[in-house]
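Okay, so here's the structure we're looking at.
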Amino acid sequence: MHTRDLAARFEAYSDWRRRLSAGISGLHDWLSQQDLADAHADLTIQRLLERLHQDKLVVAFVAEFSRGKSELINAIFFADFGQRLLPSSAGRTTMCPTELLYDSTRPPSIRLLPIETRARAGSVVEFKNYADEWVTFGLDLSSADKMSEVLSQVSQTKRVPIILARKYGLYEEGEVLSPMSSADEVTVDIPCWRHAVINFPHPLLQQGLVILDTPGLNAIGTEPELTLNLLPNAHALLFILAADAGVTRTDIDVWRNHLVGENPATKEGRLVILNKIDGLWDDLRTTAEIESEISRQVRTSAQLLEIPPAQVFPVSAQKALLAKVNGDDALLARSRLPQLEQALSKELIPAKRHIVGSATRMEVRALAASMRTILDSRIAGIREQLAELHGLRGKNQDVVEHMMERIQQEKDLFERGMQRYTALRTVFTQQTNALHECIGLETLRETAGDTRKRIEASPFTKGVRSAMSDFFARIHGGLEQSARQTGEIHDMMIAMYARFAKEHGLEPFTPPPFSMLKYQKEVERLERAYNVHFNTLWNMVSKAKFTLMKRFFETIAIRVKHVYDIANRDLESWLKAVMAPLETQVREHHIQLRRRLESVKRIHRASDELEERVAELEQAKAGIRAQIDALGRELAAIDAIIEQSELLPVAANA
Ligand SMILES: Nc1nc2c(ncn2[C@@H]2O[C@H](COP(=O)(O)OP(=O)(O)OP(=O)(O)O)[C@@H](O)[C@H]2O)c(=O)[nH]1
Ligand SMILES: [Mg+2]
């Protein structure tokens, strides 16, 4: 068995996620036991747990055709099957984007979306919601042969009239829009499938790894789903070059258009692989000569792609697969795959863990802080009562009566103040509704509908361009309006907290602001992707391209809807987070006033009650102190899990 560094680290990462979930569940149990969990806390914790559970790590393999993407996936992930699982052969092989993942609610299978769906409205993501649109084949895990036969579906093509290919947006005179060739004057070969999802219980996939194999060449450009969604959302992009081909013009195009974009900072999480170095293994050359030839190619490739040479990994996927299948350690070392696997696991998983860890820590801290505020205000209340009661020691009935009146007045005053609180709630609801109007899904649906109509009505470059730029302008307008609206809500809440703190002695609290920037950036990114595509693919809109472009718009609309969904969800949480502390404090304050009044009334009735009441309060205070300490311990325990250094199985360090 080979040292599976990547597998071991991934296992360790999943294990860490499980421990973190257990820690958070522990906090939730404790909060519930202590009667501290309110609806907001329940919701926050439920979301945190869901996110940790569904956390995925997506690694995409991108390159010109025949560079060895599928072979590399076989070598890294599926060598244990003793044979080539994904089809890999000379010429164009993988014909559709292929996701490898594991969803335990479905049997092992390959699901295929027919290419015919390209003639209809709807993106791959939408079609994923309709099981009946997909053709499913079961996978027989006991037979590698049968499995590889079923998986060969991803390279199926069929011959169709050119007219039909055009309808699917796959063929354009003088331009290759997808991986296929013209068979004769009137027919052409096209992929049978538009997208494939392989559901496979591989240990890494079971832990949330998702692998994306892509078809080479322009297929990337013709499936908007890839450019707009799958590739930008991948945590790592592996770009593959081949030593026998060198770095070609199309390699550079794929790299620039789909891997780095216009932002050089995004080179992070990109690994470049120089595959097929076995082609340089020449028995007539010395090892040193071969080494220096490999280094030379690494340097040239790095230079052409404008990255440091250390980011280029020379490997032989084919020899690595062979070596793993035959247990040939010398050949495996020579294939240099272990170095790549190590880089993958060292860069990718800790970075991912860091992101998940800090996001989780931030939310848990915020939650604990709001709990702490409640506990602090309870202690402050008790302290006040104690001070009052101490002041009553040895005093006569008149003084007690006087104090009773004072508290009663304070209570009345506070209850009158509640009217202002109720008025605030009304304004808050109005503002929330206005906010939903700027960024609600209904508004988006309208905007998208208008744009669709305008594109249909004017299927020429100019018409499409202006409809699209208006679409983006309206979306940006909506986001800006929402930003103003959240700003207003924020100002109002700050003023309100200050007022309650001053007039009724509530804990001072500064609600966190809400930033729309994240969503604005995402929409800007979509707009840029759209512009790049419009300029390269559609500066002239022809009939065949029109179908493609409409589909591109639908994908953009879906992506924007996704941004809206997330923004709305985040806003919902934020609105709760700014309002909940005030609600809780007002409620707590009211309870405390009632309690104070009750204690003084008790003492008024019988003066020997005083010492008893003081003792009760001291005890209650100690109880809350203990709660504060316990909360701190819960928080520290979660922090410790987040910080814990990786627990790698011994084998992985060997
Ligand atoms: N000599 C050599 N050949 C390799 C290596 N890796 C892949 N190949 C061969 O290159 C050809 C293409 O490999 P694939 O894995 O199909 O390439 P791909 O990038 O997936 O290509 P598409 O699916 O068409 O986009 C196959 O014949 C492989 O056997 C390697 O390391 N060395
Ligand atoms: Mg392939």
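By order of appearance in the structure tokens: chains A, B, ..., then residues from 1 within every chain, and ligands from 1 in the order shown.
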_Based on the backbone DSSP call, show me all residues of region 49-250 of chain A assigned strand (DSSP E or B), as a count of residues only._
55
*Within 7 Å of ligand 1, counting only C-alpha atoms and all ligand atoms, which protein or nucleic acid residues do you find, written as a ChimeraX atom specification?*
/A:63-72,87-95,214-216,275-279,315-319
Produce a table with one row for each residue of region 491-586 of chain A that has an atom at most 10 Å from any atom of region 415-436 of chain A, each row naming the nearest atom pair and its distance in Å at one decimal; use only C-alpha atoms; arrange rows by chain and rising residue number; format as a tab-separated table.
```
residue	atom	partner	partner_atom	distance
A:Met492	CA	A:Phe428	CA	8.7
A:Met493	CA	A:Phe428	CA	8.9
A:Met496	CA	A:Leu424	CA	8.2
A:Phe500	CA	A:Gly417	CA	8.7
A:Glu503	CA	A:Gly417	CA	8.9
A:His504	CA	A:Gly417	CA	8.6
A:Asn568	CA	A:His436	CA	8.1
A:Leu571	CA	A:Leu435	CA	9.3
A:Glu572	CA	A:Thr432	CA	9.4
A:Leu575	CA	A:Thr432	CA	8.2
A:Met579	CA	A:Arg425	CA	8.9
A:Leu582	CA	A:Tyr421	CA	9.2
A:Glu583	CA	A:Tyr421	CA	9.0
A:Val586	CA	A:Met418	CA	8.3
```
Print the selection's residues with N, CA, C and O atoms to a file, as an mmCIF file, in the first residue's frame.
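What follows is the written file part10.cif:
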```
data_model
loop_
_atom_site.group_PDB
_atom_site.id
_atom_site.type_symbol
_atom_site.label_atom_id
_atom_site.label_comp_id
_atom_site.auth_asym_id
_atom_site.auth_seq_id
_atom_site.Cartn_x
_atom_site.Cartn_y
_atom_site.Cartn_z
ATOM 1 N N MET A 492 -30.375 53.727 12.977
ATOM 2 C CA MET A 492 -31.534 53.767 13.864
ATOM 3 C C MET A 492 -31.298 52.893 15.102
ATOM 4 O O MET A 492 -31.589 53.293 16.231
ATOM 5 N N MET A 493 -30.724 51.704 14.872
ATOM 6 C CA MET A 493 -30.520 50.794 15.992
ATOM 7 C C MET A 493 -29.452 51.319 16.954
ATOM 8 O O MET A 493 -29.594 51.189 18.170
ATOM 9 N N MET A 496 -31.068 53.812 19.068
ATOM 10 C CA MET A 496 -32.010 53.179 19.980
ATOM 11 C C MET A 496 -31.298 52.537 21.174
ATOM 12 O O MET A 496 -31.718 52.685 22.318
ATOM 13 N N PHE A 500 -31.781 53.593 25.136
ATOM 14 C CA PHE A 500 -32.188 52.664 26.188
ATOM 15 C C PHE A 500 -31.112 52.535 27.264
ATOM 16 O O PHE A 500 -31.416 52.356 28.436
ATOM 17 N N GLU A 503 -31.413 55.974 29.264
ATOM 18 C CA GLU A 503 -32.636 56.220 30.026
ATOM 19 C C GLU A 503 -32.998 55.100 30.994
ATOM 20 O O GLU A 503 -33.597 55.342 32.025
ATOM 21 N N HIS A 504 -32.650 53.867 30.631
ATOM 22 C CA HIS A 504 -33.080 52.767 31.489
ATOM 23 C C HIS A 504 -31.930 51.931 32.011
ATOM 24 O O HIS A 504 -32.148 50.865 32.583
ATOM 25 N N ASN A 568 -29.986 37.445 1.021
ATOM 26 C CA ASN A 568 -31.221 37.461 1.813
ATOM 27 C C ASN A 568 -31.086 36.666 3.101
ATOM 28 O O ASN A 568 -31.563 37.073 4.153
ATOM 29 N N LEU A 571 -28.887 38.643 5.396
ATOM 30 C CA LEU A 571 -29.620 39.793 5.917
ATOM 31 C C LEU A 571 -30.567 39.371 7.038
ATOM 32 O O LEU A 571 -30.680 40.045 8.058
ATOM 33 N N GLU A 572 -31.224 38.241 6.804
ATOM 34 C CA GLU A 572 -32.151 37.718 7.807
ATOM 35 C C GLU A 572 -31.433 37.535 9.145
ATOM 36 O O GLU A 572 -31.913 37.974 10.195
ATOM 37 N N LEU A 575 -30.494 40.985 10.623
ATOM 38 C CA LEU A 575 -31.631 41.698 11.214
ATOM 39 C C LEU A 575 -31.946 41.127 12.591
ATOM 40 O O LEU A 575 -32.236 41.853 13.540
ATOM 41 N N MET A 579 -31.535 43.125 16.334
ATOM 42 C CA MET A 579 -32.752 43.320 17.113
ATOM 43 C C MET A 579 -32.771 42.464 18.380
ATOM 44 O O MET A 579 -33.226 42.908 19.435
ATOM 45 N N LEU A 582 -31.648 43.761 21.907
ATOM 46 C CA LEU A 582 -32.547 44.749 22.490
ATOM 47 C C LEU A 582 -33.780 44.056 23.061
ATOM 48 O O LEU A 582 -34.201 44.313 24.194
ATOM 49 N N GLU A 583 -34.332 43.135 22.265
ATOM 50 C CA GLU A 583 -35.493 42.376 22.736
ATOM 51 C C GLU A 583 -35.189 41.681 24.057
ATOM 52 O O GLU A 583 -35.932 41.790 25.030
ATOM 53 N N VAL A 586 -34.625 44.188 26.967
ATOM 54 C CA VAL A 586 -35.871 44.799 27.425
ATOM 55 C C VAL A 586 -36.647 43.802 28.296
ATOM 56 O O VAL A 586 -37.141 44.124 29.379
#
```
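Atom to atom, CA of Ile407 (chain A) and CA of Leu593 (chain A) stand 7.2 Å apart.
Using only C-alpha atoms and all ligand atoms, the shortest contact distance between ligand 2 and any of A:Arg84, A:Arg596, A:Lys158, A:Lys601 is found at A:Arg84.
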*asked:* Excluding Glu116 (chain A) and its own-chain neighbours fewer than 3 positions away, which residues fall within 9 Å of it when counting only C-alpha atoms? Please give them as an MDAnalysis selection string.
replied: chainID A and resid 113 119:120 168 192:194
Residue subset to file, keeping all heavy atoms, as a CSV table (one decimal), in the first residue's frame:
```csv
chain,number,residue,atom,x,y,z
A,113,LEU,N,-26.8,14.0,-18.3
A,113,LEU,CA,-27.8,15.0,-18.8
A,113,LEU,C,-27.7,15.0,-20.4
A,113,LEU,O,-26.6,15.4,-20.9
A,113,LEU,CB,-27.5,16.4,-18.2
A,113,LEU,CG,-28.6,17.5,-18.6
A,113,LEU,CD1,-29.9,17.1,-18.0
A,113,LEU,CD2,-28.1,18.8,-18.1
A,119,ALA,N,-31.0,22.7,-26.2
A,119,ALA,CA,-31.9,23.5,-27.0
A,119,ALA,C,-33.0,24.1,-26.2
A,119,ALA,O,-33.8,24.8,-26.7
A,119,ALA,CB,-32.5,22.5,-28.1
A,120,ARG,N,-33.0,23.8,-24.9
A,120,ARG,CA,-34.1,24.3,-24.1
A,120,ARG,C,-33.6,25.3,-23.1
A,120,ARG,O,-32.4,25.4,-22.8
A,120,ARG,CB,-34.8,23.2,-23.3
A,120,ARG,CG,-35.5,22.2,-24.2
A,120,ARG,CD,-35.8,20.9,-23.6
A,120,ARG,NE,-36.2,21.0,-22.2
A,120,ARG,CZ,-36.2,19.9,-21.4
A,120,ARG,NH1,-35.8,18.8,-21.8
A,120,ARG,NH2,-36.6,20.1,-20.2
A,168,TYR,N,-28.1,23.4,-30.9
A,168,TYR,CA,-27.6,23.2,-29.6
A,168,TYR,C,-26.5,24.2,-29.2
A,168,TYR,O,-25.9,24.1,-28.2
A,168,TYR,CB,-27.0,21.8,-29.4
A,168,TYR,CG,-28.0,20.7,-29.7
A,168,TYR,CD1,-27.6,19.4,-30.2
A,168,TYR,CD2,-29.4,20.9,-29.4
A,168,TYR,CE1,-28.5,18.4,-30.4
A,168,TYR,CE2,-30.3,19.9,-29.7
A,168,TYR,CZ,-29.9,18.7,-30.2
A,168,TYR,OH,-30.8,17.7,-30.5
A,192,CYS,N,-22.8,13.1,-26.7
A,192,CYS,CA,-24.1,12.6,-26.4
A,192,CYS,C,-24.7,13.3,-25.1
A,192,CYS,O,-25.9,13.5,-25.0
A,192,CYS,CB,-24.1,11.1,-26.1
A,192,CYS,SG,-23.9,10.1,-27.5
A,193,TRP,N,-23.7,13.7,-24.2
A,193,TRP,CA,-24.2,14.2,-22.9
A,193,TRP,C,-23.7,15.6,-22.7
A,193,TRP,O,-22.6,16.0,-23.2
A,193,TRP,CB,-23.7,13.3,-21.8
A,193,TRP,CG,-24.0,11.8,-22.1
A,193,TRP,CD1,-23.1,10.9,-22.3
A,193,TRP,CD2,-25.3,11.2,-22.1
A,193,TRP,NE1,-23.7,9.6,-22.5
A,193,TRP,CE2,-25.1,9.8,-22.3
A,193,TRP,CE3,-26.6,11.6,-21.9
A,193,TRP,CZ2,-26.1,8.9,-22.4
A,193,TRP,CZ3,-27.7,10.7,-22.0
A,193,TRP,CH2,-27.4,9.4,-22.2
A,194,ARG,N,-24.4,16.3,-21.9
A,194,ARG,CA,-24.1,17.7,-21.6
A,194,ARG,C,-23.3,17.8,-20.3
A,194,ARG,O,-22.5,18.6,-20.1
A,194,ARG,CB,-25.4,18.5,-21.5
A,194,ARG,CG,-25.2,20.0,-21.2
A,194,ARG,CD,-26.5,20.6,-21.1
A,194,ARG,NE,-26.4,22.0,-20.8
A,194,ARG,CZ,-27.4,22.8,-20.6
A,194,ARG,NH1,-28.7,22.3,-20.7
A,194,ARG,NH2,-27.3,24.1,-20.3
```
Need the shell around Val312 (chain A): protein/DNA/RNA residues with any atom at most 10 Å away, counting only C-alpha atoms. Skip same-chain ones fewer than 4 positions apart. Format as a PDB file with N, CA and C atoms, in the first residue's frame?
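Writing done, so here's result-v5.pdb:
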```pdb
ATOM      1  N   PHE A 239      -4.118  22.843 -13.554  1.00  0.00           N
ATOM      2  CA  PHE A 239      -3.993  23.110 -14.977  1.00  0.00           C
ATOM      3  C   PHE A 239      -2.906  22.204 -15.527  1.00  0.00           C
ATOM      4  N   ILE A 240      -3.248  21.453 -16.572  1.00  0.00           N
ATOM      5  CA  ILE A 240      -2.309  20.439 -17.043  1.00  0.00           C
ATOM      6  C   ILE A 240      -1.728  20.774 -18.413  1.00  0.00           C
ATOM      7  N   LEU A 241      -0.392  20.694 -18.466  1.00  0.00           N
ATOM      8  CA  LEU A 241       0.331  20.847 -19.724  1.00  0.00           C
ATOM      9  C   LEU A 241       0.949  19.484 -20.032  1.00  0.00           C
ATOM     10  N   ARG A 270      -3.936  27.507  -7.537  1.00  0.00           N
ATOM     11  CA  ARG A 270      -3.768  26.975  -8.894  1.00  0.00           C
ATOM     12  C   ARG A 270      -2.477  26.176  -8.929  1.00  0.00           C
ATOM     13  N   LEU A 271      -2.545  24.932  -9.342  1.00  0.00           N
ATOM     14  CA  LEU A 271      -1.324  24.162  -9.515  1.00  0.00           C
ATOM     15  C   LEU A 271      -1.172  23.863 -10.997  1.00  0.00           C
ATOM     16  N   VAL A 272       0.039  24.033 -11.494  1.00  0.00           N
ATOM     17  CA  VAL A 272       0.273  23.718 -12.896  1.00  0.00           C
ATOM     18  C   VAL A 272       1.037  22.405 -12.954  1.00  0.00           C
ATOM     19  N   ILE A 273       0.569  21.520 -13.799  1.00  0.00           N
ATOM     20  CA  ILE A 273       1.197  20.210 -13.892  1.00  0.00           C
ATOM     21  C   ILE A 273       1.771  20.018 -15.282  1.00  0.00           C
ATOM     22  N   LEU A 274       3.023  19.659 -15.308  1.00  0.00           N
ATOM     23  CA  LEU A 274       3.641  19.341 -16.589  1.00  0.00           C
ATOM     24  C   LEU A 274       3.631  17.819 -16.685  1.00  0.00           C
ATOM     25  N   SER A 295      13.787  20.224 -15.953  1.00  0.00           N
ATOM     26  CA  SER A 295      13.858  21.542 -15.303  1.00  0.00           C
ATOM     27  C   SER A 295      13.714  22.661 -16.329  1.00  0.00           C
ATOM     28  N   GLN A 297      12.092  22.567 -19.131  1.00  0.00           N
ATOM     29  CA  GLN A 297      10.681  22.689 -19.539  1.00  0.00           C
ATOM     30  C   GLN A 297       9.833  23.327 -18.434  1.00  0.00           C
ATOM     31  N   VAL A 298      10.153  22.997 -17.191  1.00  0.00           N
ATOM     32  CA  VAL A 298       9.417  23.600 -16.072  1.00  0.00           C
ATOM     33  C   VAL A 298       9.612  25.114 -16.101  1.00  0.00           C
ATOM     34  N   ARG A 299      10.864  25.530 -16.288  1.00  0.00           N
ATOM     35  CA  ARG A 299      11.149  26.974 -16.292  1.00  0.00           C
ATOM     36  C   ARG A 299      10.434  27.691 -17.429  1.00  0.00           C
ATOM     37  N   SER A 301       7.767  26.762 -19.068  1.00  0.00           N
ATOM     38  CA  SER A 301       6.313  26.795 -18.852  1.00  0.00           C
ATOM     39  C   SER A 301       5.964  27.870 -17.831  1.00  0.00           C
ATOM     40  N   ALA A 302       6.758  27.934 -16.742  1.00  0.00           N
ATOM     41  CA  ALA A 302       6.489  28.908 -15.688  1.00  0.00           C
ATOM     42  C   ALA A 302       6.559  30.322 -16.263  1.00  0.00           C
ATOM     43  N   LEU A 305       3.546  31.188 -18.386  1.00  0.00           N
ATOM     44  CA  LEU A 305       2.311  31.372 -17.621  1.00  0.00           C
ATOM     45  C   LEU A 305       2.454  32.456 -16.549  1.00  0.00           C
ATOM     46  N   ILE A 307       4.269  32.500 -13.695  1.00  0.00           N
ATOM     47  CA  ILE A 307       4.183  32.017 -12.312  1.00  0.00           C
ATOM     48  C   ILE A 307       5.569  31.544 -11.893  1.00  0.00           C
ATOM     49  N   PRO A 308       5.817  31.421 -10.582  1.00  0.00           N
ATOM     50  CA  PRO A 308       7.120  30.904 -10.160  1.00  0.00           C
ATOM     51  C   PRO A 308       7.276  29.436 -10.539  1.00  0.00           C
ATOM     52  N   LEU A 340       3.466  15.889  -6.217  1.00  0.00           N
ATOM     53  CA  LEU A 340       2.249  16.627  -6.537  1.00  0.00           C
ATOM     54  C   LEU A 340       1.171  16.376  -5.480  1.00  0.00           C
TER      55      LEU A 340
END
```
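Proximity to Ala359 (chain A) was assessed for A:Leu48, A:Ala498, A:Ala473, A:Ile591 counting only C-alpha atoms; the smallest distance is recorded for A:Leu48.
Distances from A:Pro108, A:Lys462, A:His195, A:Ala636 to Met147 (chain A) were compared using only C-alpha atoms, and the smallest one belongs to A:Pro108.
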*asked:* Under the rule that only C-alpha atoms are counted, which of A:His402, A:Pro512, A:Glu306, A:Ile76 is the nearest residue to Ile489 (chain A)?
replied: A:Pro512
*CA of Leu164 (chain A) to CA of Leu231 (chain A), distance in Å rounded to a single decimal*: 28.0 Å
*Would you mind telling me which residue in A:Ser335, A:Ser123, A:Ser573, A:Gln156 lies nearest to ligand 2 when using only C-alpha atoms and all ligand atoms?*
A:Gln156
Would you mind listing what lies within 9 Å of Ile638 (chain A) as a CSV table (one decimal) with N, CA and C atoms, in the first residue's frame, with only C-alpha atoms counted and same-chain residues fewer than 5 positions away left out?
```csv
chain,number,residue,atom,x,y,z
A,20,LEU,N,-15.2,19.4,15.6
A,20,LEU,CA,-15.7,20.7,15.7
A,20,LEU,C,-17.3,20.7,15.9
A,23,GLY,N,-18.2,19.7,19.3
A,23,GLY,CA,-18.0,20.8,20.2
A,23,GLY,C,-19.1,21.8,20.2
A,24,ILE,N,-19.6,22.1,19.0
A,24,ILE,CA,-20.6,23.1,18.8
A,24,ILE,C,-22.0,22.5,19.3
A,27,LEU,N,-21.9,22.9,23.0
A,27,LEU,CA,-22.3,24.2,23.4
A,27,LEU,C,-23.8,24.4,23.4
A,361,ARG,N,-15.2,30.2,14.2
A,361,ARG,CA,-14.8,30.8,15.4
A,361,ARG,C,-15.5,32.2,15.6
A,364,VAL,N,-19.2,31.6,16.5
A,364,VAL,CA,-19.3,31.1,17.9
A,364,VAL,C,-19.0,32.2,18.9
A,633,ARG,N,-15.5,28.3,29.4
A,633,ARG,CA,-14.8,27.0,29.2
A,633,ARG,C,-15.3,26.4,27.9
A,643,GLU,N,-7.9,25.2,16.9
A,643,GLU,CA,-6.5,25.4,16.8
A,643,GLU,C,-5.7,24.1,16.7
```
